[in-house]
Amino acid sequence: MVALVPVLCRNAGRVKCIFYVIVAALLFSCSTREADLQETVYGSPINMVGESDSLAIDNRTLLSYHLFTIYKDTVFAYNRAYHAIDVLDLSGKKPVSHLPLQKEGEDGIAGDLYGMCLQSRDSIWLYAPPFLYLVNAAGQVRKKVTLPFPEQGFINVETNFSMASNKLFYHPLRNSIFYLCVIPTTDGARYEVYEWELDSQEYQVYLLEGGALEAKAGQRFGWKQYPNVTYADSLIVYNFPITSNVYTMNLVTREKKAFGGKSKFTPNVVSELRMPYSFQDADRHLLENVHFFEMQYDRENDLYYRLHLGKTSYDQSEEFGVQYKSKRLYLTVFTPAFQVIGEVDLGSGIYNYYNFWGVTGKGLFLARNAKLNDEEESWLYGDYWTVQKN
């Protein structure tokens with residue numbers, strides 16, 4: 001909001017008139033943007049509770065991963081330093097293990113990984129542009145393919161805290177691989193989900209569209225250029241980092257729906273940052289605005305979780321990482337009909353904000369920030385958030 005502060009100078013009457021017109025326009029713009037949000041529907045409220053846990057790790061295991069997938073309460077995470085997949089059993093029954101990947105030869109996977117999903121523990125799909133690899137539990141490459149993508153477009157499989165979360169996804173009911181593609185346009189971008197069918201080797205395309213607020217997502221919001229895309233049994237579920245809205249597309253009927261997901265703690269729309277802008281401008285925009293992360297489906301409890309960060313003030317003299325950790329994290333819970341039934345303030349600086357979270361059989365797992373104490377470097381700490389039982 002902008003305060004109405006009088007301006008006194010030469011030709012004061014005219015200057016004040018112009019000033020108030022500008023302020024009125026800004027206020028109207030803000031209210032219009034909020035009015036464009038989808039209406040939020042609330043269901044019967046629930047309470048969420050967190051339970052702390054820890055996992056013994058070795059000196060090759062990282063304390064933070066940006067690329068990982070959870071398969072039956074086991075984390076498969078890409079360790080870029082060793083070009084390996086770290087396997088972490090969250091139950092603690094098995095020690096951490098490491099699956100080394102080759103960079104050359106018939107089992108070679110050149111370049112860093114950007115996507116990973118499991119068909120089974122012995123069938124792991126890995127995306128290292130421009131190829132998709134299928135490897136077994138020994139790291140041997142069983143298949144290597146080039147995924148289809150649109151002309152004038154590109155595949156966007158990446159988990160990036162400042163942009164969006166778009167993971168590779170294996171759909172067990174459809175035996176398909178899903179991934180997002182982006183086609184830049186003159187006024188934004190076109191977003192398409194590709195479904196590559198493993199049996200037929202053919203693909204289907206699903207066009208993702210938001211509302212008026214998200215129409216310019218590809219150009220006007222700094223780093224926040226893409227939608228977050230996740231998947232449930234019969235739905236593509238997506239949202240944009242720039243608003244609290246939630247969208248779905250039915251995989252069978254292709255029916256699209258829109259839902260509100262307003263936060264009671266923070267603004268629900270991001271301010272614009274248009275090109276051209278500097279790296280510093282984009283960082284400042286990231287800090288001074290909210291950021292809505294992906295919708296996460298909890299199949300066991302038939303609920304959706306969404307995390308988002310509030311905003312903080314920008315200080316050019318302070319390190320970006322310190323300022324980023326000062327932002328507060330919030331958890332919103334949705335029913336299968338996308339009614340909001342709970343929102344929790346998770347505080348600031350407690351959890352890892354670089355996308356190290358996911359749904360397990362024990363609840364929504366959030367990794368805590370890495371400890372600096374040498375004695376605690378052999379442990380990974382995290383919390384499980386679940387619905388409080390009556």
# chains A, B, ... in the order shown; residues from 1 in each chain; ligands from 1
$ select_by_dssp --residues "stretch 169-202 of chain A" --states "strand (DSSP E or B)" --output "PyMOL selection string"
chain A and resi 169-171+176-185+188-197
$ residues_around --residues "stretch 65-72 of chain A" --least-positions-apart "2" --cutoff "9 Å" --atoms "only C-alpha atoms" --output "JSON, numbers by chain"
{"A": [62, 63, 74, 75, 76, 77, 78, 79, 85, 113, 114, 115, 116, 117, 118, 120, 121, 158, 159, 160, 161, 167, 354, 355, 356, 358, 359, 360, 361]}
$ write_last_selection --atoms "N, CA and C atoms" --output "short mmCIF file (atom, residue, chain, number, x, y, z; two decimals), in the first residue's frame"
data_model
loop_
_atom_site.label_atom_id
_atom_site.label_comp_id
_atom_site.auth_asym_id
_atom_site.auth_seq_id
_atom_site.Cartn_x
_atom_site.Cartn_y
_atom_site.Cartn_z
N LEU A 62 24.48 -35.40 1.74
CA LEU A 62 24.29 -33.96 1.86
C LEU A 62 23.21 -33.66 2.90
N LEU A 63 23.22 -32.43 3.37
CA LEU A 63 22.19 -31.96 4.30
C LEU A 63 21.07 -31.23 3.57
N THR A 74 11.21 -43.84 1.15
CA THR A 74 12.65 -43.80 0.92
C THR A 74 12.96 -42.64 -0.01
N VAL A 75 13.92 -41.83 0.38
CA VAL A 75 14.32 -40.68 -0.42
C VAL A 75 15.43 -41.11 -1.38
N PHE A 76 15.21 -40.84 -2.67
CA PHE A 76 16.24 -41.01 -3.69
C PHE A 76 16.63 -39.60 -4.12
N ALA A 77 17.85 -39.20 -3.81
CA ALA A 77 18.26 -37.81 -4.01
C ALA A 77 19.55 -37.73 -4.82
N TYR A 78 19.60 -36.76 -5.70
CA TYR A 78 20.79 -36.59 -6.54
C TYR A 78 21.87 -35.82 -5.79
N ASN A 79 23.04 -36.43 -5.71
CA ASN A 79 24.21 -35.82 -5.08
C ASN A 79 25.13 -35.34 -6.21
N ILE A 85 23.27 -41.12 -6.76
CA ILE A 85 21.96 -41.06 -6.13
C ILE A 85 22.11 -41.57 -4.70
N LEU A 113 21.90 -34.04 -13.40
CA LEU A 113 20.50 -34.44 -13.48
C LEU A 113 19.58 -33.27 -13.14
N TYR A 114 18.46 -33.20 -13.86
CA TYR A 114 17.44 -32.19 -13.57
C TYR A 114 16.10 -32.81 -13.21
N GLY A 115 15.94 -34.10 -13.51
CA GLY A 115 14.69 -34.77 -13.19
C GLY A 115 14.93 -36.22 -12.79
N MET A 116 14.05 -36.72 -11.91
CA MET A 116 14.17 -38.10 -11.45
C MET A 116 12.82 -38.58 -10.95
N CYS A 117 12.43 -39.81 -11.34
CA CYS A 117 11.24 -40.44 -10.79
C CYS A 117 11.43 -41.94 -10.87
N LEU A 118 10.70 -42.66 -10.02
CA LEU A 118 10.86 -44.11 -9.93
C LEU A 118 9.64 -44.83 -10.48
N SER A 120 10.02 -48.27 -10.28
CA SER A 120 10.21 -49.22 -9.20
C SER A 120 11.61 -48.98 -8.65
N ARG A 121 11.99 -49.68 -7.62
CA ARG A 121 13.34 -49.49 -7.08
C ARG A 121 14.41 -49.92 -8.08
N GLU A 158 12.74 -29.00 -13.66
CA GLU A 158 13.69 -28.38 -12.74
C GLU A 158 12.97 -28.03 -11.44
N THR A 159 13.69 -28.16 -10.34
CA THR A 159 13.18 -27.71 -9.05
C THR A 159 14.04 -26.55 -8.62
N ASN A 160 13.50 -25.34 -8.71
CA ASN A 160 14.28 -24.14 -8.45
C ASN A 160 13.49 -23.25 -7.49
N PHE A 161 14.06 -22.97 -6.33
CA PHE A 161 13.35 -22.24 -5.29
C PHE A 161 12.93 -20.84 -5.73
N LYS A 167 8.74 -31.27 -11.57
CA LYS A 167 9.47 -32.53 -11.51
C LYS A 167 9.02 -33.49 -12.61
N TYR A 354 15.04 -24.57 0.21
CA TYR A 354 15.48 -24.90 -1.14
C TYR A 354 14.84 -26.20 -1.63
N ASN A 355 13.56 -26.37 -1.33
CA ASN A 355 12.71 -27.42 -1.89
C ASN A 355 12.96 -28.82 -1.33
N PHE A 356 13.63 -28.94 -0.18
CA PHE A 356 13.86 -30.27 0.39
C PHE A 356 12.68 -30.63 1.29
N GLY A 358 8.65 -33.14 1.08
CA GLY A 358 7.84 -34.06 0.30
C GLY A 358 6.93 -34.89 1.18
N VAL A 359 5.93 -35.54 0.57
CA VAL A 359 4.94 -36.32 1.30
C VAL A 359 5.44 -37.75 1.49
N THR A 360 5.35 -38.23 2.73
CA THR A 360 5.70 -39.60 3.09
C THR A 360 4.50 -40.24 3.78
N GLY A 361 4.65 -41.52 4.14
CA GLY A 361 3.60 -42.20 4.88
C GLY A 361 3.39 -41.63 6.27
#
$ atom_distance --atom1 "atom CA of A:Leu329" --atom2 "atom CA of A:Pro267"
13.1 Å
$ closest_residue --among "A:Leu303, A:Ile155, A:Val229, A:Leu309" --to "A:Gly347" --atoms "only C-alpha atoms"
A:Leu309
$ closest_residue --among "A:Ala137, A:Met295, A:Leu198, A:Leu173" --to "A:Tyr247" --atoms "only C-alpha atoms"
A:Met295
$ closest_residue --among "A:Ser313, A:Phe338, A:Glu288, A:Glu192" --to "A:Lys257" --atoms "only C-alpha atoms"
A:Phe338
$ atom_distance --atom1 "atom CA of A:Leu307" --atom2 "atom CA of A:His291"
8.8 Å
$ residues_around --residues "A:Gly349" --least-positions-apart "6" --cutoff "12 Å" --atoms "only C-alpha atoms" --output "ChimeraX atom specification"
/A:309,321-330,367-371
$ closest_residue --among "A:Gln296, A:Arg284, A:Gln388, A:Ala110" --to "A:Ser317" --atoms "only C-alpha atoms"
A:Arg284
$ closest_residue --among "A:Gln204, A:Ser271, A:Thr243, A:Asn47" --to "A:Val344" --atoms "only C-alpha atoms"
A:Asn47
$ closest_residue --among "A:Val49, A:Val96, A:Ala258, A:Val41" --to "A:Leu346" --atoms "only C-alpha atoms"
A:Val49
$ residues_around --residues "A:Gly218" --least-positions-apart "3" --cutoff "7 Å" --atoms "only C-alpha atoms" --output "ChimeraX atom specification"
/A:188-189,225-226
$ atom_distance --atom1 "atom CA of A:Gly222" --atom2 "atom CA of A:Ala164"
11.8 Å
$ residues_around --residues "A:Tyr381" --least-positions-apart "2" --cutoff "12 Å" --atoms "only C-alpha atoms" --output "number ranges by chain"
A: 51-57, 62-64, 90, 350-352, 356-357, 365-371, 376-379, 383-384
$ residues_around --residues "A:His83" --least-positions-apart "5" --cutoff "8 Å" --atoms "only C-alpha atoms" --output "number ranges by chain"
A: 78, 100-102, 112
$ decode --residues "stretch 200-342 of chain A" --atoms "C-alpha atoms" --output "JSON list (two decimals), in the first residue's frame"
[["chain", "number", "residue", "atom", "x", "y", "z"],
["A", 200, "SER", "CA", 3.09, -46.93, -27.36],
["A", 201, "GLN", "CA", 6.01, -44.44, -27.35],
["A", 202, "GLU", "CA", 3.43, -41.80, -28.31],
["A", 203, "TYR", "CA", 2.58, -38.61, -26.47],
["A", 204, "GLN", "CA", -0.34, -36.42, -25.53],
["A", 205, "VAL", "CA", -0.31, -32.69, -24.85],
["A", 206, "TYR", "CA", -2.24, -30.80, -22.16],
["A", 207, "LEU", "CA", -2.39, -27.00, -22.32],
["A", 208, "LEU", "CA", -2.12, -25.31, -18.90],
["A", 209, "GLU", "CA", -3.80, -21.95, -18.52],
["A", 210, "GLY", "CA", -4.23, -19.67, -15.54],
["A", 211, "GLY", "CA", -6.35, -16.59, -15.09],
["A", 212, "ALA", "CA", -5.79, -12.94, -15.91],
["A", 213, "LEU", "CA", -3.15, -12.58, -13.20],
["A", 214, "GLU", "CA", -1.06, -15.48, -14.47],
["A", 215, "ALA", "CA", -1.33, -14.66, -18.18],
["A", 216, "LYS", "CA", 1.90, -12.62, -18.10],
["A", 217, "ALA", "CA", 3.82, -14.98, -15.82],
["A", 218, "GLY", "CA", 6.52, -15.59, -18.42],
["A", 219, "GLN", "CA", 7.73, -11.98, -18.57],
["A", 220, "ARG", "CA", 6.53, -9.71, -15.79],
["A", 221, "PHE", "CA", 7.54, -11.32, -12.49],
["A", 222, "GLY", "CA", 11.33, -11.57, -12.32],
["A", 223, "TRP", "CA", 12.58, -15.10, -11.61],
["A", 224, "LYS", "CA", 9.02, -16.42, -11.16],
["A", 225, "GLN", "CA", 8.43, -17.34, -14.80],
["A", 226, "TYR", "CA", 6.80, -20.81, -14.77],
["A", 227, "PRO", "CA", 3.95, -22.68, -13.10],
["A", 228, "ASN", "CA", 4.46, -25.34, -10.45],
["A", 229, "VAL", "CA", 3.07, -28.62, -11.76],
["A", 230, "THR", "CA", 2.23, -31.81, -9.83],
["A", 231, "TYR", "CA", 0.05, -34.81, -10.48],
["A", 232, "ALA", "CA", -2.60, -36.94, -8.80],
["A", 233, "ASP", "CA", -4.38, -40.09, -10.04],
["A", 234, "SER", "CA", -6.68, -38.33, -12.49],
["A", 235, "LEU", "CA", -5.53, -34.71, -12.30],
["A", 236, "ILE", "CA", -2.82, -32.35, -13.31],
["A", 237, "VAL", "CA", -2.63, -29.88, -10.42],
["A", 238, "TYR", "CA", -0.82, -26.61, -10.98],
["A", 239, "ASN", "CA", -0.36, -23.20, -9.48],
["A", 240, "PHE", "CA", 1.88, -20.23, -10.08],
["A", 241, "PRO", "CA", 4.47, -18.80, -7.64],
["A", 242, "ILE", "CA", 2.92, -15.36, -8.22],
["A", 243, "THR", "CA", -0.62, -15.93, -6.85],
["A", 244, "SER", "CA", -2.52, -18.07, -4.36],
["A", 245, "ASN", "CA", -4.79, -19.51, -7.08],
["A", 246, "VAL", "CA", -4.90, -23.26, -7.78],
["A", 247, "TYR", "CA", -5.82, -24.92, -11.08],
["A", 248, "THR", "CA", -6.59, -28.48, -12.17],
["A", 249, "MET", "CA", -7.08, -30.39, -15.41],
["A", 250, "ASN", "CA", -8.77, -33.77, -15.58],
["A", 251, "LEU", "CA", -6.59, -36.23, -17.52],
["A", 252, "VAL", "CA", -9.61, -38.01, -19.00],
["A", 253, "THR", "CA", -12.11, -35.26, -19.75],
["A", 254, "ARG", "CA", -9.56, -32.40, -19.95],
["A", 255, "GLU", "CA", -11.96, -30.28, -17.89],
["A", 256, "LYS", "CA", -10.21, -27.33, -16.27],
["A", 257, "LYS", "CA", -11.15, -25.84, -12.92],
["A", 258, "ALA", "CA", -9.90, -22.92, -10.85],
["A", 259, "PHE", "CA", -9.85, -22.53, -7.07],
["A", 260, "GLY", "CA", -8.91, -19.91, -4.53],
["A", 261, "GLY", "CA", -6.23, -20.56, -1.96],
["A", 262, "LYS", "CA", -5.79, -17.26, -0.16],
["A", 263, "SER", "CA", -3.43, -17.01, 2.76],
["A", 264, "LYS", "CA", -4.61, -15.22, 5.88],
["A", 265, "PHE", "CA", -1.01, -14.35, 6.81],
["A", 266, "THR", "CA", 0.46, -12.81, 3.67],
["A", 267, "PRO", "CA", -0.33, -10.95, 0.45],
["A", 268, "ASN", "CA", -1.69, -13.25, -2.24],
["A", 269, "VAL", "CA", -0.33, -11.55, -5.37],
["A", 270, "VAL", "CA", 3.26, -10.76, -6.35],
["A", 271, "SER", "CA", 4.24, -7.33, -7.63],
["A", 272, "GLU", "CA", 5.46, -7.05, -11.20],
["A", 273, "LEU", "CA", 9.08, -6.84, -12.33],
["A", 274, "ARG", "CA", 9.37, -6.35, -16.06],
["A", 275, "MET", "CA", 12.34, -6.74, -18.36],
["A", 276, "PRO", "CA", 14.95, -5.44, -18.51],
["A", 277, "TYR", "CA", 16.12, -6.00, -14.93],
["A", 278, "SER", "CA", 19.40, -6.86, -13.25],
["A", 279, "PHE", "CA", 20.30, -9.89, -11.17],
["A", 280, "GLN", "CA", 20.12, -7.66, -8.10],
["A", 281, "ASP", "CA", 16.66, -6.42, -9.11],
["A", 282, "ALA", "CA", 15.43, -10.02, -9.41],
["A", 283, "ASP", "CA", 16.87, -10.98, -6.02],
["A", 284, "ARG", "CA", 15.24, -7.97, -4.42],
["A", 285, "HIS", "CA", 11.92, -8.86, -6.06],
["A", 286, "LEU", "CA", 12.25, -12.41, -4.70],
["A", 287, "LEU", "CA", 12.83, -11.16, -1.16],
["A", 288, "GLU", "CA", 10.17, -8.46, -1.14],
["A", 289, "ASN", "CA", 7.41, -10.73, -2.41],
["A", 290, "VAL", "CA", 5.63, -13.93, -1.46],
["A", 291, "HIS", "CA", 6.38, -17.17, -3.32],
["A", 292, "PHE", "CA", 3.89, -20.02, -3.60],
["A", 293, "PHE", "CA", 5.41, -23.48, -4.00],
["A", 294, "GLU", "CA", 3.86, -26.57, -5.62],
["A", 295, "MET", "CA", 0.75, -28.41, -4.47],
["A", 296, "GLN", "CA", 1.71, -31.74, -2.88],
["A", 297, "TYR", "CA", -0.74, -34.63, -2.84],
["A", 298, "ASP", "CA", -1.01, -36.86, 0.24],
["A", 299, "ARG", "CA", -2.63, -39.99, -1.17],
["A", 300, "GLU", "CA", -2.93, -41.72, 2.21],
["A", 301, "ASN", "CA", -4.95, -38.89, 3.75],
["A", 302, "ASP", "CA", -6.43, -37.56, 0.48],
["A", 303, "LEU", "CA", -5.25, -34.02, 1.14],
["A", 304, "TYR", "CA", -3.14, -31.43, -0.63],
["A", 305, "TYR", "CA", -0.40, -29.36, 1.01],
["A", 306, "ARG", "CA", 1.02, -26.08, -0.22],
["A", 307, "LEU", "CA", 3.98, -24.27, 1.26],
["A", 308, "HIS", "CA", 4.66, -20.62, 0.61],
["A", 309, "LEU", "CA", 7.08, -17.96, 1.79],
["A", 310, "GLY", "CA", 6.10, -14.53, 3.03],
["A", 311, "LYS", "CA", 7.99, -11.38, 2.14],
["A", 312, "THR", "CA", 10.81, -9.56, 3.87],
["A", 313, "SER", "CA", 12.54, -6.20, 3.52],
["A", 314, "TYR", "CA", 15.58, -5.90, 1.27],
["A", 315, "ASP", "CA", 18.96, -4.73, 2.53],
["A", 316, "GLN", "CA", 21.63, -4.31, -0.13],
["A", 317, "SER", "CA", 24.41, -4.53, 2.49],
["A", 318, "GLU", "CA", 23.29, -7.93, 3.82],
["A", 319, "GLU", "CA", 23.95, -11.33, 2.26],
["A", 320, "PHE", "CA", 21.09, -12.69, 0.19],
["A", 321, "GLY", "CA", 21.03, -16.07, 1.98],
["A", 322, "VAL", "CA", 20.63, -14.42, 5.38],
["A", 323, "GLN", "CA", 17.74, -12.31, 4.16],
["A", 324, "TYR", "CA", 16.11, -15.27, 2.42],
["A", 325, "LYS", "CA", 16.17, -17.34, 5.62],
["A", 326, "SER", "CA", 14.42, -14.48, 7.45],
["A", 327, "LYS", "CA", 11.27, -15.03, 5.38],
["A", 328, "ARG", "CA", 8.48, -16.91, 7.16],
["A", 329, "LEU", "CA", 7.19, -20.22, 5.84],
["A", 330, "TYR", "CA", 3.49, -21.14, 5.78],
["A", 331, "LEU", "CA", 1.67, -24.42, 5.23],
["A", 332, "THR", "CA", -1.86, -24.46, 3.76],
["A", 333, "VAL", "CA", -3.97, -27.64, 3.70],
["A", 334, "PHE", "CA", -6.65, -28.34, 1.07],
["A", 335, "THR", "CA", -9.34, -31.00, 0.74],
["A", 336, "PRO", "CA", -9.67, -33.05, -2.51],
["A", 337, "ALA", "CA", -12.24, -30.43, -3.56],
["A", 338, "PHE", "CA", -9.61, -27.74, -2.88],
["A", 339, "GLN", "CA", -11.35, -26.21, 0.10],
["A", 340, "VAL", "CA", -8.92, -24.58, 2.52],
["A", 341, "ILE", "CA", -9.12, -26.33, 5.88],
["A", 342, "GLY", "CA", -5.99, -25.14, 7.63]]
